[in-house]
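See below for the structure under consideration.
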Amino acid sequence: MGLDSFLEILGFVGLGLGLGFFTANIISNKKWPWLSFIILLIGILAYLFRYLSTFQSYYQQYLAGVANIDTYYLGLGVLVFLAIFIQYLGDNTKFSYNGELLRFGGFYEDSNVLAYISNKNTIVQASKKFQALLKKTDVKQTELQLTAVQADGKPLMLKGIEKSIIQCEGKLNDPVHFQFVYSNNLVLEMDIIKKAVKKNNKKIGFVLLDASISNSYKMEVQKEMKRNLYIYLDLLSEPVAYYDDEDKAYIMSRTFSEYISHPDHKLPKADLRKWIHLDDVASYDNKKTEENKLNKNYYRIQTKSGYEWFEEGFGRFFGHDFMIVKKANLPSNASVSMGTYKSLIKKVTDLCEQDKEFGLVMMNMKNFSASVQGMGKDYSDIVLNKFFTTISEGSLKDQVVLFKIGNSEYVFAIEGKDYFDLVIRDLDNKSSDFLTQEVIINSNHHRINCELGLVYAQDVKPFDARNIIKTGFDCLKEATDPEFLKDYSIYQPKEILQQDYNLQELGINLEKDDLSEFMDDVKK
């Protein structure tokens with residue numbers, strides 16, 4: 001029978017495509033796809049039955065009379081193609097998935113990888129060590145024959161031992177202690193950890209790690225690191241300490257030990273509370289460590305010269321608590337220059353000579369002393385640092401210079417009319433950081449309230465440094481007046497109006513006759 005039917009041609013095309021994808025599957029996955037092979041074999045035999053001369057008599061007897069036989073053969077060809085194509089896609093998706101497992105599992109380089117496991121707990125790739133371990137189960141009558149296996153002291157059956165090892169007693173991220181006993185009474189011990197491998201927070205498989213071989217080496221490395229860290233901190237000649245998560249104690253430099261008169265370089269975490277000021281113990285106890293986040297805490301520690309402020313950086317990294325303590329040594333402000341009254345005059349003079357647009361904000365921190373009373377100078381500096389940093393790192397960044405002119409009086413020189421107007425706008429909106437701020441140190445809340453005098457330099461006449469500064473002080477004096485309604489006063493220039501008067505329009509005639517009559521009336 002010739003290939004003169006269009007349906008016959010399509011059937012052959014489907015069969016040919018199926019054969020092509022069957023071959024591609026073998027090449028890409030390097031294994032024999034049995035299901036596709038069986039389906040392809042059925043298709044080929046069906047077509048041979050129809051077209052091979054050896055089977056023509058049987059075909060004529062059984063199938064030639066079937067109506068629409070070409071359609072059935074077309075359907076068979078398409079079915080063969082679809083079935084093989086679907087298995088090809090599935091096998092190659094699985095192959096790609098396993099490749100992702102190997103790629104994203106590669107970060108476990110600090111331990112010995114035994115095997116990569118799929119989500120269905122089948123081995124994707126095994127190391128030579130793991131393969132050799134499993135091969136010993138097949139060795140008979142030799143000293144390498146595996147005779148018994150235990151997992152955490154529990155006996156396992158040798159049959160299916162591979163699956164038992166892969167299961168790891170149902171544990172994840174926790175080591176399972178395996179014991180392998182051989183016919184020569186050799187006992188091999190191994191700690192195996194099963195961990196999930198993730199891609200974009202989606203689990204794509206597991207990895208088996210041999211953690212037993214590197215444990216002793218890691219311990220030695222850790223001891224050496226601690227020893228070097230202690231030597232480094234000691235060489236700083238500063239009162240510094242770090243928290244050892246294993247010893248549950250602070251390891252202090254020699255300077256720190258002498259600073260607090262403690263005989264040992266180790267100070268248990270619970271004992272540190274004995275050296276902390278009673279008012280600061282609560283904030284020390286209530287600090288919370290967060291994963292991958294560094295926080296700071298401030299507290300006073302009893303030293304040979306009295307209580308002094310220390311700062312502690314703390315957080316949780318890689319599953320371990322991290323803490324380091326050092327003496328707080330913060331300047332009044334680390335990012336804003338703080339000049340004197342003399343330097344204020346020089347700054348304003350320079351701005352006037354350069355004809356720059358600028359303004360002054362005179363500040364009186366009216367309740368600062370009461371807010372930090374009894375906390376000490378170091379603590380007061382920390383509060384000031386936070387207060388001024390909020391201003392200098394905000395919308396006025398790089399546009400403001402700070403001067404200290406009294407115990408609680410400060411002056412801010414702000415360049416640019418737009419920036420000065422921004423300060424006034426925030427005052428009108430009751431959102432000004434100049435007027436009030438809440439500074440939080442540990443669990444202590446300090447609401448700092450201020451009084452302000454503001455002057456835009458270009459509004460002051462004459463335009464010179466001393467007159468501008470004096471005008472600013474006058475505004476501040478007005479703001480500090482208890483009877484003044486606001487906590488801030490803004491200088492408003494006073495305009496002197498000059499108007500020419502027309503005496504005739506006012507009905508006044510100063511000609512000689514009128515004046516004579518006026519004088520005569522006066523004489524009478």
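How things are named: the first chain in the structure tokens is A, the next is B, and so on; residues count from 1 in each chain; ligands count from 1 in the order shown.
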
Shell of 9 Å around Asp174 of chain A, only C-alpha atoms, local chain residues under 5 positions omitted, as a list in words: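 The filter keeps Ile192, Ile193, Lys194 and Lys195 of chain A.
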
Give me a file of those residues, with N, CA and C atoms, as an mmCIF file, in the first residue's frame.
data_model
loop_
_atom_site.group_PDB
_atom_site.id
_atom_site.type_symbol
_atom_site.label_atom_id
_atom_site.label_comp_id
_atom_site.auth_asym_id
_atom_site.auth_seq_id
_atom_site.Cartn_x
_atom_site.Cartn_y
_atom_site.Cartn_z
ATOM 1 N N ILE A 192 26.151 12.764 60.923
ATOM 2 C CA ILE A 192 25.589 13.189 59.647
ATOM 3 C C ILE A 192 24.453 14.180 59.904
ATOM 4 N N ILE A 193 24.489 15.292 59.181
ATOM 5 C CA ILE A 193 23.461 16.324 59.298
ATOM 6 C C ILE A 193 22.741 16.434 57.963
ATOM 7 N N LYS A 194 21.434 16.524 58.040
ATOM 8 C CA LYS A 194 20.619 16.724 56.845
ATOM 9 C C LYS A 194 20.076 18.158 56.869
ATOM 10 N N LYS A 195 20.363 18.908 55.800
ATOM 11 C CA LYS A 195 19.912 20.295 55.729
ATOM 12 C C LYS A 195 19.169 20.525 54.424
#

Can you pull out every residue from segment 374-466 of chain A that DSSP, working from the backbone, puts in helix (DSSP H, G or I), and format the result as a PyMOL selection string? chain A and resi 377-392+417-428+457-459+465-466

Counting only C-alpha atoms, which residue out of A:Leu267, A:Leu172, A:Val325, A:Ala465 sits closest to Ala241 of chain A?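 For Ala241 of chain A, the nearest of the candidates is A:Val325.
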
What does the structure give for the distance between atom CA of Leu45 of chain A and atom CA of Gln87 of chain A, in Å to one decimal?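 These two atoms are separated by 20.5 Å.
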
Could you give me, as number ranges by chain, the residues within 8 Å of Ile276 of chain A, counting only C-alpha atoms and dropping anything in the same chain fewer than 6 positions from it? A: 299-302

Take the selection from the previous step and output its residues with all heavy atoms, as an mmCIF file, in the first residue's frame.
data_model
loop_
_atom_site.group_PDB
_atom_site.id
_atom_site.type_symbol
_atom_site.label_atom_id
_atom_site.label_comp_id
_atom_site.auth_asym_id
_atom_site.auth_seq_id
_atom_site.Cartn_x
_atom_site.Cartn_y
_atom_site.Cartn_z
ATOM 1 N N TYR A 299 24.946 52.097 79.709
ATOM 2 C CA TYR A 299 24.751 51.955 81.145
ATOM 3 C C TYR A 299 26.039 52.340 81.874
ATOM 4 O O TYR A 299 27.136 52.368 81.301
ATOM 5 C CB TYR A 299 24.320 50.529 81.522
ATOM 6 C CG TYR A 299 25.099 49.424 80.857
ATOM 7 C CD1 TYR A 299 26.364 49.048 81.309
ATOM 8 C CD2 TYR A 299 24.560 48.729 79.778
ATOM 9 C CE1 TYR A 299 27.065 48.023 80.704
ATOM 10 C CE2 TYR A 299 25.249 47.708 79.153
ATOM 11 C CZ TYR A 299 26.512 47.358 79.629
ATOM 12 O OH TYR A 299 27.212 46.345 79.026
ATOM 13 N N ARG A 300 25.863 52.649 83.171
ATOM 14 C CA ARG A 300 27.003 53.046 84.004
ATOM 15 C C ARG A 300 27.558 51.837 84.745
ATOM 16 O O ARG A 300 26.796 51.024 85.277
ATOM 17 C CB ARG A 300 26.566 54.119 84.997
ATOM 18 C CG ARG A 300 26.327 55.470 84.386
ATOM 19 C CD ARG A 300 25.509 56.368 85.293
ATOM 20 N NE ARG A 300 24.114 55.935 85.357
ATOM 21 C CZ ARG A 300 23.169 56.562 86.045
ATOM 22 N NH1 ARG A 300 23.462 57.649 86.727
ATOM 23 N NH2 ARG A 300 21.936 56.109 86.047
ATOM 24 N N ILE A 301 28.890 51.739 84.770
ATOM 25 C CA ILE A 301 29.584 50.651 85.460
ATOM 26 C C ILE A 301 30.467 51.251 86.546
ATOM 27 O O ILE A 301 31.144 52.272 86.334
ATOM 28 C CB ILE A 301 30.429 49.811 84.475
ATOM 29 C CG1 ILE A 301 29.516 49.074 83.491
ATOM 30 C CG2 ILE A 301 31.327 48.822 85.213
ATOM 31 C CD1 ILE A 301 30.259 48.219 82.483
ATOM 32 N N GLN A 302 30.459 50.598 87.693
ATOM 33 C CA GLN A 302 31.283 51.045 88.821
ATOM 34 C C GLN A 302 32.753 50.807 88.506
ATOM 35 O O GLN A 302 33.177 49.686 88.233
ATOM 36 C CB GLN A 302 30.890 50.290 90.085
ATOM 37 C CG GLN A 302 31.735 50.622 91.311
ATOM 38 C CD GLN A 302 31.452 52.028 91.818
ATOM 39 O OE1 GLN A 302 30.320 52.361 92.118
ATOM 40 N NE2 GLN A 302 32.491 52.845 91.911
#

Give the strand (DSSP E) residues of segment 395-495 of chain A, as assigned by DSSP on the backbone, as number ranges by chain. A: 400-404, 409-415, 436-441, 444-456, 488-490
